[in-house]
file protein.pdb (PDB, C-alpha atoms and all ligand atoms)
ATOM      1  CA  MET A1068     -25.141 -17.817  11.271
ATOM      2  CA  LYS A1069     -22.235 -15.648  10.081
ATOM      3  CA  LYS A1070     -19.004 -16.385  11.967
ATOM      4  CA  THR A1071     -17.077 -13.380  13.226
ATOM      5  CA  VAL A1072     -14.150 -12.506  15.471
ATOM      6  CA  THR A1073     -16.572 -13.121  18.366
ATOM      7  CA  THR A1074     -16.758 -16.767  17.258
ATOM      8  CA  PHE A1075     -12.966 -16.919  17.703
ATOM      9  CA  LYS A1076     -13.110 -15.288  21.145
ATOM     10  CA  GLN A1077     -15.876 -17.595  22.373
ATOM     11  CA  ALA A1078     -14.165 -20.721  21.022
ATOM     12  CA  LYS A1079     -11.020 -19.896  23.015
ATOM     13  CA  GLN A1080     -13.077 -19.228  26.156
ATOM     14  CA  ASN A1081     -15.016 -22.487  25.748
ATOM     15  CA  GLY A1082     -12.006 -24.583  24.770
ATOM     16  CA  GLU A1083     -13.566 -25.417  21.368
ATOM     17  CA  LYS A1084     -11.198 -25.997  18.445
ATOM     18  CA  LEU A1085     -11.349 -23.527  15.545
ATOM     19  CA  THR A1086     -11.093 -24.626  11.913
ATOM     20  CA  MET A1087      -9.793 -22.694   8.927
ATOM     21  CA  LEU A1088      -8.946 -23.737   5.355
ATOM     22  CA  THR A1089      -7.690 -21.707   2.431
ATOM     23  CA  ALA A1090      -9.786 -21.033  -0.669
ATOM     24  CA  TYR A1091      -9.184 -18.806  -3.658
ATOM     25  CA  ASP A1092     -12.380 -19.062  -5.729
ATOM     26  CA  TYR A1093     -16.174 -19.035  -5.450
ATOM     27  CA  SER A1094     -17.036 -22.716  -5.942
ATOM     28  CA  THR A1095     -14.373 -24.051  -3.562
ATOM     29  CA  ALA A1096     -15.315 -21.443  -0.951
ATOM     30  CA  LYS A1097     -18.945 -22.562  -1.254
ATOM     31  CA  LEU A1098     -18.036 -26.232  -0.711
ATOM     32  CA  ILE A1099     -15.839 -25.420   2.293
ATOM     33  CA  ASP A1100     -18.417 -23.026   3.744
ATOM     34  CA  GLU A1101     -21.167 -25.635   3.436
ATOM     35  CA  SER A1102     -18.972 -28.090   5.353
ATOM     36  CA  GLY A1103     -19.259 -25.864   8.432
ATOM     37  CA  ILE A1104     -15.780 -24.308   8.644
ATOM     38  CA  ASP A1105     -15.220 -21.354  11.007
ATOM     39  CA  ALA A1106     -13.023 -19.283   8.681
ATOM     40  CA  ILE A1107     -11.764 -19.298   5.105
ATOM     41  CA  LEU A1108      -8.325 -17.854   4.507
ATOM     42  CA  VAL A1109      -7.678 -16.298   1.122
ATOM     43  CA  GLY A1110      -3.986 -16.932   1.637
ATOM     44  CA  ASP A1111      -1.232 -15.380  -0.400
ATOM     45  CA  SER A1112      -0.289 -19.051  -0.864
ATOM     46  CA  LEU A1113      -2.396 -18.480  -3.976
ATOM     47  CA  GLY A1114       0.947 -17.357  -5.422
ATOM     48  CA  ASN A1115       2.133 -20.975  -5.124
ATOM     49  CA  VAL A1116      -0.942 -23.136  -5.617
ATOM     50  CA  ILE A1117      -2.974 -20.991  -8.045
ATOM     51  CA  LEU A1118      -0.443 -18.849  -9.906
ATOM     52  CA  GLY A1119       2.534 -21.242  -9.904
ATOM     53  CA  TYR A1120       5.131 -18.879  -8.391
ATOM     54  CA  SER A1121       7.955 -20.394  -6.337
ATOM     55  CA  ASP A1122       7.126 -18.110  -3.362
ATOM     56  CA  THR A1123       4.533 -15.547  -2.268
ATOM     57  CA  THR A1124       6.548 -12.354  -2.793
ATOM     58  CA  ALA A1125       5.135 -11.625  -6.276
ATOM     59  CA  VAL A1126       1.492 -11.680  -5.127
ATOM     60  CA  THR A1127      -0.197  -8.286  -5.585
ATOM     61  CA  MET A1128      -3.015  -6.362  -3.919
ATOM     62  CA  GLU A1129      -5.035  -6.835  -7.120
ATOM     63  CA  ASP A1130      -4.584 -10.640  -6.870
ATOM     64  CA  MET A1131      -5.826 -10.626  -3.266
ATOM     65  CA  ILE A1132      -8.786  -8.346  -4.037
ATOM     66  CA  HIS A1133      -9.804 -10.418  -7.068
ATOM     67  CA  HIS A1134      -9.699 -13.762  -5.210
ATOM     68  CA  GLY A1135     -10.982 -12.321  -1.908
ATOM     69  CA  ALA A1136     -14.162 -11.022  -3.505
ATOM     70  CA  ALA A1137     -14.742 -14.363  -5.288
ATOM     71  CA  VAL A1138     -14.372 -16.297  -2.017
ATOM     72  CA  ALA A1139     -16.587 -13.854  -0.129
ATOM     73  CA  ARG A1140     -19.389 -14.459  -2.648
ATOM     74  CA  GLY A1141     -19.243 -18.181  -1.840
ATOM     75  CA  ALA A1142     -18.800 -17.948   1.936
ATOM     76  CA  LYS A1143     -22.196 -17.384   3.496
ATOM     77  CA  GLU A1144     -21.227 -18.287   7.081
ATOM     78  CA  ALA A1145     -17.459 -18.528   7.395
ATOM     79  CA  LEU A1146     -15.373 -15.525   8.382
ATOM     80  CA  VAL A1147     -13.321 -14.541   5.319
ATOM     81  CA  VAL A1148      -9.739 -13.600   6.207
ATOM     82  CA  VAL A1149      -7.680 -12.117   3.368
ATOM     83  CA  ASP A1150      -3.872 -12.058   3.434
ATOM     84  CA  MET A1151      -2.074  -8.736   3.046
ATOM     85  CA  PRO A1152       0.491  -9.402   0.293
ATOM     86  CA  PHE A1153       4.228  -8.735   0.522
ATOM     87  CA  MET A1154       5.030  -4.979   0.640
ATOM     88  CA  SER A1155       1.405  -3.938   1.199
ATOM     89  CA  TYR A1156       2.035  -3.273   4.931
ATOM     90  CA  GLN A1157       5.794  -3.464   5.617
ATOM     91  CA  THR A1158       6.437   0.063   4.294
ATOM     92  CA  SER A1159       4.397   2.039   6.883
ATOM     93  CA  PRO A1160       1.316   1.848   9.137
ATOM     94  CA  TYR A1161      -0.333   4.304   6.720
ATOM     95  CA  ASP A1162       0.202   1.963   3.744
ATOM     96  CA  ALA A1163      -0.976  -0.934   5.904
ATOM     97  CA  LEU A1164      -4.204   0.886   6.763
ATOM     98  CA  VAL A1165      -4.903   1.989   3.184
ATOM     99  CA  ASN A1166      -4.307  -1.522   1.822
ATOM    100  CA  ALA A1167      -6.270  -3.258   4.594
ATOM    101  CA  GLY A1168      -9.112  -0.853   3.773
ATOM    102  CA  ARG A1169      -8.975  -1.888   0.106
ATOM    103  CA  LEU A1170      -9.103  -5.584   1.078
ATOM    104  CA  VAL A1171     -12.292  -4.895   3.043
ATOM    105  CA  LYS A1172     -13.965  -2.487   0.573
ATOM    106  CA  GLU A1173     -12.987  -4.201  -2.687
ATOM    107  CA  GLY A1174     -11.918  -7.700  -1.567
ATOM    108  CA  LYS A1175     -14.877  -8.094   0.841
ATOM    109  CA  ALA A1176     -12.609  -9.312   3.657
ATOM    110  CA  GLY A1177     -14.088  -9.788   7.124
ATOM    111  CA  ALA A1178     -10.551  -9.623   8.539
ATOM    112  CA  VAL A1179      -7.011  -9.314   7.202
ATOM    113  CA  LYS A1180      -3.887 -11.311   8.026
ATOM    114  CA  LEU A1181      -0.316 -10.058   8.059
ATOM    115  CA  GLU A1182       3.030 -11.613   8.929
ATOM    116  CA  GLY A1183       5.418 -10.503  11.659
ATOM    117  CA  GLY A1184       5.713  -9.628  15.342
ATOM    118  CA  ALA A1185       6.820  -6.475  17.176
ATOM    119  CA  GLU A1186       7.881  -4.813  13.903
ATOM    120  CA  VAL A1187       4.296  -4.798  12.528
ATOM    121  CA  CYS A1188       2.523  -3.796  15.757
ATOM    122  CA  ASP A1189       2.087  -0.141  14.730
ATOM    123  CA  SER A1190       0.397  -1.383  11.554
ATOM    124  CA  ILE A1191      -1.850  -3.748  13.534
ATOM    125  CA  LYS A1192      -2.839  -0.805  15.771
ATOM    126  CA  ALA A1193      -3.570   1.439  12.773
ATOM    127  CA  ILE A1194      -5.696  -1.218  11.046
ATOM    128  CA  THR A1195      -7.663  -2.300  14.134
ATOM    129  CA  SER A1196      -8.251   1.363  15.100
ATOM    130  CA  ALA A1197     -10.114   1.697  11.811
ATOM    131  CA  GLY A1198     -12.370  -1.218  12.777
ATOM    132  CA  ILE A1199     -10.687  -3.908  10.688
ATOM    133  CA  PRO A1200      -9.875  -7.151  12.547
ATOM    134  CA  VAL A1201      -6.302  -8.393  12.167
ATOM    135  CA  MET A1202      -5.020 -11.965  12.344
ATOM    136  CA  ALA A1203      -1.262 -12.114  12.981
ATOM    137  CA  HIS A1204       1.142 -14.768  11.632
ATOM    138  CA  LEU A1205       4.343 -15.897  13.395
ATOM    139  CA  GLY A1206       6.947 -18.644  13.100
ATOM    140  CA  LEU A1207       7.634 -19.550   9.486
ATOM    141  CA  THR A1208       6.376 -16.435   7.739
ATOM    142  CA  PRO A1209       6.599 -17.292   4.021
ATOM    143  CA  GLN A1210       6.998 -13.678   2.842
ATOM    144  CA  SER A1211      10.417 -13.719   4.602
ATOM    145  CA  VAL A1212      11.573 -16.887   2.824
ATOM    146  CA  ASN A1213      14.644 -15.076   1.510
ATOM    147  CA  ILE A1214      15.767 -14.279   5.071
ATOM    148  CA  PHE A1215      15.054 -17.834   6.280
ATOM    149  CA  GLY A1216      16.868 -19.338   3.292
ATOM    150  CA  GLY A1217      14.031 -21.775   2.609
ATOM    151  CA  TYR A1218      10.932 -23.206   4.268
ATOM    152  CA  LYS A1219      12.344 -24.568   7.535
ATOM    153  CA  VAL A1220      11.055 -25.278  11.033
ATOM    154  CA  GLN A1221      11.492 -22.135  13.145
ATOM    155  CA  CYS A1222      12.179 -21.288  16.803
ATOM    156  CA  ARG A1223      13.975 -24.440  17.948
ATOM    157  CA  ASP A1224      16.556 -22.593  20.083
ATOM    158  CA  GLU A1225      15.846 -20.733  23.328
ATOM    159  CA  GLN A1226      16.519 -17.247  21.952
ATOM    160  CA  SER A1227      14.233 -17.510  18.915
ATOM    161  CA  ALA A1228      11.574 -19.343  20.963
ATOM    162  CA  LEU A1229      11.579 -16.490  23.507
ATOM    163  CA  LYS A1230      11.356 -13.959  20.673
ATOM    164  CA  LEU A1231       8.315 -15.803  19.323
ATOM    165  CA  ILE A1232       6.591 -15.680  22.737
ATOM    166  CA  ASN A1233       7.324 -11.949  23.037
ATOM    167  CA  ASP A1234       6.108 -11.333  19.477
ATOM    168  CA  ALA A1235       2.897 -13.241  20.220
ATOM    169  CA  LEU A1236       2.306 -11.088  23.310
ATOM    170  CA  SER A1237       3.072  -7.934  21.293
ATOM    171  CA  VAL A1238       0.608  -8.688  18.467
ATOM    172  CA  GLN A1239      -2.042  -9.546  21.050
ATOM    173  CA  LYS A1240      -1.432  -6.215  22.837
ATOM    174  CA  ALA A1241      -1.540  -4.370  19.496
ATOM    175  CA  GLY A1242      -5.057  -5.694  18.929
ATOM    176  CA  ALA A1243      -4.777  -8.886  16.833
ATOM    177  CA  PHE A1244      -7.807 -11.154  17.383
ATOM    178  CA  ALA A1245      -5.898 -14.388  16.592
ATOM    179  CA  VAL A1246      -2.448 -15.531  15.564
ATOM    180  CA  VAL A1247      -1.339 -18.171  13.077
ATOM    181  CA  LEU A1248       1.672 -20.191  14.268
ATOM    182  CA  GLU A1249       3.396 -21.841  11.324
ATOM    183  CA  CYS A1250       6.010 -24.592  11.397
ATOM    184  CA  ILE A1251       7.241 -24.374  14.985
ATOM    185  CA  PRO A1252       7.735 -27.138  17.588
ATOM    186  CA  ALA A1253       4.452 -28.422  19.047
ATOM    187  CA  LYS A1254       5.492 -27.877  22.678
ATOM    188  CA  LEU A1255       6.380 -24.248  21.978
ATOM    189  CA  ALA A1256       3.031 -23.663  20.227
ATOM    190  CA  GLU A1257       1.284 -25.187  23.256
ATOM    191  CA  LEU A1258       3.149 -22.802  25.560
ATOM    192  CA  VAL A1259       2.228 -19.785  23.411
ATOM    193  CA  THR A1260      -1.393 -20.969  23.329
ATOM    194  CA  LYS A1261      -1.517 -21.180  27.137
ATOM    195  CA  THR A1262       0.127 -17.752  27.458
ATOM    196  CA  LEU A1263      -2.225 -15.861  25.116
ATOM    197  CA  ASP A1264      -5.839 -14.758  25.612
ATOM    198  CA  ILE A1265      -6.396 -14.729  21.833
ATOM    199  CA  PRO A1266      -6.671 -18.007  19.889
ATOM    200  CA  THR A1267      -3.687 -19.561  18.141
ATOM    201  CA  ILE A1268      -4.268 -21.236  14.770
ATOM    202  CA  GLY A1269      -1.597 -23.798  13.984
ATOM    203  CA  ILE A1270      -0.159 -25.058  10.730
ATOM    204  CA  GLY A1271       2.693 -27.438  11.419
ATOM    205  CA  ALA A1272       2.503 -26.405  15.090
ATOM    206  CA  GLY A1273       0.928 -29.474  16.701
ATOM    207  CA  ASN A1274      -2.290 -30.261  18.474
ATOM    208  CA  GLY A1275      -1.932 -27.812  21.357
ATOM    209  CA  CYS A1276      -3.122 -24.795  19.332
ATOM    210  CA  ASP A1277      -6.665 -23.436  19.626
ATOM    211  CA  GLY A1278      -7.347 -24.274  15.985
ATOM    212  CA  GLN A1279      -5.836 -25.502  12.736
ATOM    213  CA  VAL A1280      -5.435 -24.201   9.199
ATOM    214  CA  LEU A1281      -4.347 -26.029   6.036
ATOM    215  CA  VAL A1282      -3.948 -25.117   2.389
ATOM    216  CA  TYR A1283      -6.822 -27.026   0.770
ATOM    217  CA  GLN A1284      -4.745 -28.308  -2.158
ATOM    218  CA  ASP A1285      -2.354 -29.904   0.364
ATOM    219  CA  MET A1286      -5.083 -31.646   2.345
ATOM    220  CA  LEU A1287      -6.783 -32.883  -0.841
ATOM    221  CA  GLY A1288      -3.627 -34.081  -2.602
ATOM    222  CA  MET A1289      -4.012 -31.556  -5.419
ATOM    223  CA  PHE A1290      -0.547 -29.947  -5.315
ATOM    224  CA  SER A1291       2.494 -32.085  -5.983
ATOM    225  CA  ASP A1292       5.341 -29.497  -6.277
ATOM    226  CA  TYR A1293       6.188 -30.117  -2.593
ATOM    227  CA  THR A1294       4.300 -31.478   0.399
ATOM    228  CA  PRO A1295       5.202 -30.212   3.858
ATOM    229  CA  LYS A1296       5.447 -32.841   6.637
ATOM    230  CA  PHE A1297       2.502 -31.264   8.478
ATOM    231  CA  ALA A1298       0.113 -31.488   5.525
ATOM    232  CA  LYS A1299      -2.069 -34.528   6.177
ATOM    233  CA  LYS A1300      -3.732 -35.786   2.989
ATOM    234  CA  PHE A1301      -7.420 -36.224   3.868
ATOM    235  CA  ALA A1302      -8.273 -37.351   0.322
ATOM    236  CA  ASP A1303      -6.501 -37.990  -2.976
ATOM    237  CA  VAL A1304      -8.569 -35.647  -5.101
ATOM    238  CA  GLY A1305      -5.638 -35.068  -7.467
ATOM    239  CA  VAL A1306      -5.784 -38.743  -8.516
ATOM    240  CA  VAL A1307      -9.593 -38.614  -8.817
ATOM    241  CA  MET A1308      -9.283 -35.506 -11.048
ATOM    242  CA  LYS A1309      -6.577 -37.023 -13.267
ATOM    243  CA  ASN A1310      -8.627 -40.220 -13.711
ATOM    244  CA  ALA A1311     -11.683 -38.175 -14.667
ATOM    245  CA  PHE A1312      -9.665 -36.074 -17.148
ATOM    246  CA  SER A1313      -8.238 -39.251 -18.766
ATOM    247  CA  GLN A1314     -11.706 -40.816 -18.997
ATOM    248  CA  TYR A1315     -13.080 -37.644 -20.621
ATOM    249  CA  ILE A1316     -10.289 -37.680 -23.223
ATOM    250  CA  GLU A1317     -10.821 -41.387 -23.933
ATOM    251  CA  GLU A1318     -14.621 -41.142 -24.178
ATOM    252  CA  THR A1319     -14.461 -38.068 -26.409
ATOM    253  CA  LYS A1320     -12.012 -39.704 -28.790
ATOM    254  CA  THR A1321     -14.098 -42.909 -28.938
ATOM    255  CA  GLU A1322     -17.391 -40.957 -29.233
ATOM    256  CA  VAL A1323     -18.798 -42.504 -26.076
ATOM    257  CA  PHE A1324     -19.250 -38.928 -24.830
ATOM    258  CA  PRO A1325     -21.498 -37.045 -25.295
ATOM    259  CA  SER A1326     -24.232 -39.687 -25.243
ATOM    260  CA  GLU A1327     -27.961 -39.066 -25.766
ATOM    261  CA  GLU A1328     -28.580 -38.083 -22.154
ATOM    262  CA  HIS A1329     -26.282 -35.073 -22.602
ATOM    263  CA  GLU A1330     -27.921 -33.878 -25.843
ATOM    264  CA  TYR A1331     -30.635 -31.286 -26.570
ATOM    265  CA  LYS A1332     -33.537 -32.355 -28.841
ATOM    266  CA  ILE A1333     -35.109 -30.781 -31.906
ATOM    267  CA  SER A1334     -38.015 -32.216 -33.922
ATOM    268  CA  GLU A1335     -37.161 -34.457 -36.899
ATOM    269  CA  GLU A1336     -39.592 -32.419 -38.991
ATOM    270  CA  ILE A1337     -37.532 -29.228 -38.568
ATOM    271  CA  ILE A1338     -34.306 -31.045 -39.419
ATOM    272  CA  GLU A1339     -35.924 -32.519 -42.564
ATOM    273  CA  LYS A1340     -37.124 -29.068 -43.628
ATOM    274  CA  LEU A1341     -33.655 -27.590 -43.043
ATOM    275  CA  GLU A1342     -32.026 -30.408 -45.029
ATOM    276  CA  LYS A1343     -34.466 -29.851 -47.884
ATOM    277  CA  LYS A1344     -33.720 -26.102 -47.932
ATOM    278  CA  LEU A1345     -29.995 -26.756 -47.965
ATOM    279  CA  ARG A1346     -30.365 -29.215 -50.873
ATOM    280  CA  GLU A1347     -32.462 -26.686 -52.826
ATOM    281  CA  ASN A1348     -29.942 -23.874 -52.206
ATOM    282  CA  HIS A1349     -27.145 -26.149 -53.272
ATOM    283  CA  THR A1350     -28.775 -27.040 -56.604
ATOM    284  CA  LYS A1351     -29.499 -23.367 -57.493
TER     285      LYS A1351
HETATM  286  O1  LIG B   1      -1.044 -18.042   2.688
HETATM  287  C1  LIG B   1      -1.450 -18.997   3.383
HETATM  288  O2  LIG B   1      -2.083 -19.941   2.922
HETATM  289  C2  LIG B   1      -1.136 -18.964   4.807
HETATM  290  C3  LIG B   1      -1.344 -20.231   5.569
HETATM  291  C4  LIG B   1      -0.204 -21.139   5.299
HETATM  292  C5  LIG B   1      -1.531 -19.968   7.011
HETATM  293  O3  LIG B   1      -0.700 -17.979   5.301
END
call {"tool": "encode", "arguments": {"input": "protein.pdb", "output": "structure tokens", "more": "lines below"}}
Ligand code: KIV
result
Amino acid sequence: MKKTVTTFKQAKQNGEKLTMLTAYDYSTAKLIDESGIDAILVGDSLGNVILGYSDTTAVTMEDMIHHGAAVARGAKEALVVVDMPFMSYQTSPYDALVNAGRLVKEGKAGAVKLEGGAEVCDSIKAITSAGIPVMAHLGLTPQSVNIFGGYKVQCRDEQSALKLINDALSVQKAGAFAVVLECIPAKLAELVTKTLDIPTIGIGAGNGCDGQVLVYQDMLGMFSDYTPKFAKKFADVGVVMKNAFSQYIEETKTEVFPSEEHEYKISEEIIEKLEKKLRENHTK
């Protein structure tokens, strides 16, 4: 059955943990979807793990639409949440609405995600008023990396922790159906989770959140540029892939691959006739 924002609401009410992973293409989305995930996030982290940028600020609407639509084709049951890229919503609630609309119409998003607290509430209101569900994102918001001066744990002092709680309440009031809490102390995330009626989805925010999200390359050991402390490696797929690539190179060079089982057949008679014709043409 297709998961929706109602799935999120019910999970919070029933105390059931929510699960979300990123995906950026059809075949990965299909694998994740078939594993029974609640939501797939087409994160603007695609700037880092797919496009090789050092941060997410260069990601465009076209990137998100392109990858969103691919993921949506592979996700039969999971709710597909597509990130609003940097500068697609910060400029005005009108821009936010127009771009969220494009992510739904062209990127096939079931919901959109944007970063920020009180300052983006008018945009959240505009988008949700048009019938598009919004997931908020607080704590370490990667699009503001240049303000943070790097990817650091956020909200460790009383003032910034209080601001986070107020921001969480504001995005809830504005109509967000869930909020991602990234890279904040676990006890603070637990407090926010208890305070809110909407579910919190943690990444580097401890076990007290209503659900968890990870970038799939991090949890599969497929991205070695940097590994955040919170990214548990559930498998070493990067090593498995490298071994397979090396074996392919070796077997191709030594003519072990392709073997007969990977070949297509043709009758000997046809080959003999073709050879004969070639010989005759050659002697003319
Ligand atoms: O872009 C992304 O992958 C995200 C997650 C880190 C939550 O926003």
call {"tool": "closest_atom_pairs", "arguments": {"input": "protein.pdb", "of": "range 1206-1295 of chain A", "to": "range 1082-1097 of chain A", "cutoff": "8 Å", "atoms": "all atoms listed in the file", "output": "CSV"}}
result
residue,atom,partner,partner_atom,distance
A:Ile1268,CA,A:Leu1085,CA,7.5
A:Asp1277,CA,A:Lys1084,CA,5.3
A:Gly1278,CA,A:Leu1085,CA,4.1
A:Gln1279,CA,A:Thr1086,CA,5.4
A:Val1280,CA,A:Met1087,CA,4.6
A:Leu1281,CA,A:Leu1088,CA,5.2
A:Val1282,CA,A:Thr1089,CA,5.1
A:Tyr1283,CA,A:Thr1089,CA,5.6
call {"tool": "residues_near_ligand", "arguments": {"input": "protein.pdb", "ligand": "ligand LIG 1 (chain B)", "cutoff": "8 Å", "atoms": "all atoms listed in the file", "output": "list in words"}}
result
Thr1089, Leu1108, Val1109, Gly1110, Asp1111, Ser1112, Leu1113, Thr1123, Asp1150, Lys1180, His1204, Thr1208, Pro1209, Val1247, Leu1248, Glu1249, Gly1269, Ile1270, Val1280, Leu1281 and Val1282 of chain A
call {"tool": "resolve_selection", "arguments": {"input": "protein.pdb", "expression": "the PyMOL selection byres (((chain A and resi 1259) around 9) and not hetatm)", "output": "VMD selection string"}}
result
chain A and resid 1231 to 1232 1235 to 1236 1254 to 1258 1260 to 1263 1267 1276
call {"tool": "resolve_selection", "arguments": {"input": "protein.pdb", "expression": "the PyMOL selection byres (((chain A and resi 1212-1218) around 9) and not hetatm)", "output": "PyMOL selection string"}}
result
chain A and resi 1122-1124+1207-1211+1219-1221+1250
call {"tool": "resolve_selection", "arguments": {"input": "protein.pdb", "expression": "the PyMOL selection byres (((chain A and resi 1240-1246) around 7) and not hetatm)", "output": "count of residues only"}}
result
20
call {"tool": "atom_distance", "arguments": {"input": "protein.pdb", "atom1": "CA of Gly1168 in chain A", "atom2": "CA of Val1116 in chain A"}}
result
25.5 Å
call {"tool": "atom_distance", "arguments": {"input": "protein.pdb", "atom1": "CA of Gly1119 in chain A", "atom2": "CA of Met1289 in chain A"}}
result
13.0 Å
call {"tool": "closest_residue", "arguments": {"input": "protein.pdb", "among": "A:Asn1115, A:Asp1162, A:Gln1080, A:Gly1174", "to": "Gln1284 in chain A", "atoms": "all atoms listed in the file"}}
result
A:Asn1115
